[in-house]
Amino acid sequence: MLLFSCPNCGPRNETEFHYGGQAHVAYPEHPEELSDRQWAEYLFYRQNTKGLFAERWVHSTGCRKWFNMVRDTVSYDIKAVYRMGEQPPAGLIPAGTGSTSPTQHAPEGAKP
Amino acid sequence: MVNTTANTEVRGLRRSPAAHLWTDFAVGSVAGERGVTLREIPFQTMVGIRVDPSSEAGRRIGTVTGGLPLACGNVTSGPSGLAVLWLGPDEFLAIAPDNGGVDGGILAAALVEALGESSGQVVDLSSNRTTLELAGPSARDVLEKSCAADLHPRAFAPGTAITTEIGKIPVVLWKTGPETFQIFPRASFADHLGRWLLDGMGEFAAAGSPTWH
């Protein structure tokens, strides 16, 4: 069983938390200008990183607050825990693997 | 709310969520140096508070409750047995003993008045949760069977309260004394948690029983 260090409550059992997907996916600045495809990419397209990954978690049976975590998806090693609105510690997340860029590549075979 | 709890007939009719287990609690409680007792403390007054404790409204509410706890685990105590438990950075649970429902709703009304028009929330949650009290030298052993939080006194001293899970049931757990824990499950979990704890207490009765040896 993993122990997660909640920024508010300290180390707690993994079962007290729920997963919230990839962190740092910013809401589009001008959503009305997006095409359907860009909107779908914002809503549904996420990284599937092997290695260090920035993700959101919520301490659902504790303080009920969201926070960010950098976790190694291979070893489950937790590298950093930081609050909502903060950036991951410098140098931890390789560029392009922890956030959705608007110019990310379409999946193979997708229609433009 | 005020009208119904002030009604004498209604007070006579109220039933606590674990009332049907009181006999089982008494039978299942164990005396002695490995003892552990379980009982329900029914009808405590509880008020949920959502407010930024550093704001003006937070300070006004603090004057009613005797302060607001500022960190996980902290509990503040106020007048007439009132206690405020930390649930989150901006979420608190005020608990006061049942006084027969004589002035039911007065605490919530006072807190609503203290909040005023400021952003936040005060809600009477008295029937949301009930209170189970587990006490005795083996109380911690019973809890540790199904609660993964660190309950060792160095991490969980008397006077500490946390929200956690016991046997997958979300509860507020308050250590009120060196060997006394108050557990606050939601009303619909009271039956399951009561039986769950009784099951965990069984071995301490068996080991101390003369028929065991």
# chains A, B, ... in the order shown; residues from 1 in each chain; ligands from 1
>>> select_by_dssp(residues="chain A", states="strand (DSSP E)", output="PyMOL selection string")
chain A and resi 3-6+10-13+18-22+52-58+66-72+78-83
>>> residues_around(residues="Pro11 (chain A)", least_positions_apart="6", cutoff="9 Å", atoms="only C-alpha atoms", output="list in words")
Leu3, Phe4 and Ser5 of chain A; Ala149 and Asp150 of chain B
>>> closest_residue(among="A:Tyr27, A:Cys63, A:Pro89, A:Gly21", to="chain B", atoms="only C-alpha atoms")
A:Cys63
>>> residues_around(residues="region 71-87 of chain B", least_positions_apart="5", cutoff="9 Å", atoms="only C-alpha atoms", output="JSON, numbers by chain")
{"A": [8, 9, 10, 62, 63, 64], "B": [64, 65, 66, 92, 93, 94, 95, 96, 97, 156, 159, 160, 161, 162, 163, 172, 174]}
>>> atom_distance(atom1="CA of Arg71 (chain A)", atom2="CA of Ser146 (chain B)")
26.9 Å
>>> residues_around(residues="Pro42 (chain B)", least_positions_apart="4", cutoff="7 Å", atoms="only C-alpha atoms", output="PyMOL selection string")
chain B and resi 16+130-131
>>> closest_residue(among="A:Val58, A:Met69, A:Leu52, A:Cys6", to="His24 (chain A)", atoms="only C-alpha atoms")
A:Met69
>>> atom_distance(atom1="CA of Ser54 (chain B)", atom2="CA of Ala110 (chain B)")
19.2 Å
>>> residues_around(residues="Arg186 (chain B)", least_positions_apart="6", cutoff="9 Å", atoms="only C-alpha atoms", output="tab-separated table (two decimals) with C-alpha atoms, in the first residue's frame")
chain	number	residue	atom	x	y	z
B	127	SER	CA	-28.51	14.06	12.27
B	128	ASN	CA	-25.80	13.53	9.64
B	129	ARG	CA	-23.48	11.62	11.94
B	130	THR	CA	-23.76	9.72	15.20
B	169	ILE	CA	-16.14	3.64	6.08
B	170	PRO	CA	-15.36	7.38	5.95
B	171	VAL	CA	-15.33	8.68	9.51
>>> residues_around(residues="Arg39 (chain B)", least_positions_apart="3", cutoff="9 Å", atoms="only C-alpha atoms", output="list in words")
Leu21, Trp22, Phe25, Ala26, Ser29, Thr131, Leu132, Glu133, Leu134, Ala135 and Gly194 of chain B
>>> atom_distance(atom1="CA of Pro88 (chain A)", atom2="CA of Ala54 (chain A)")
7.5 Å
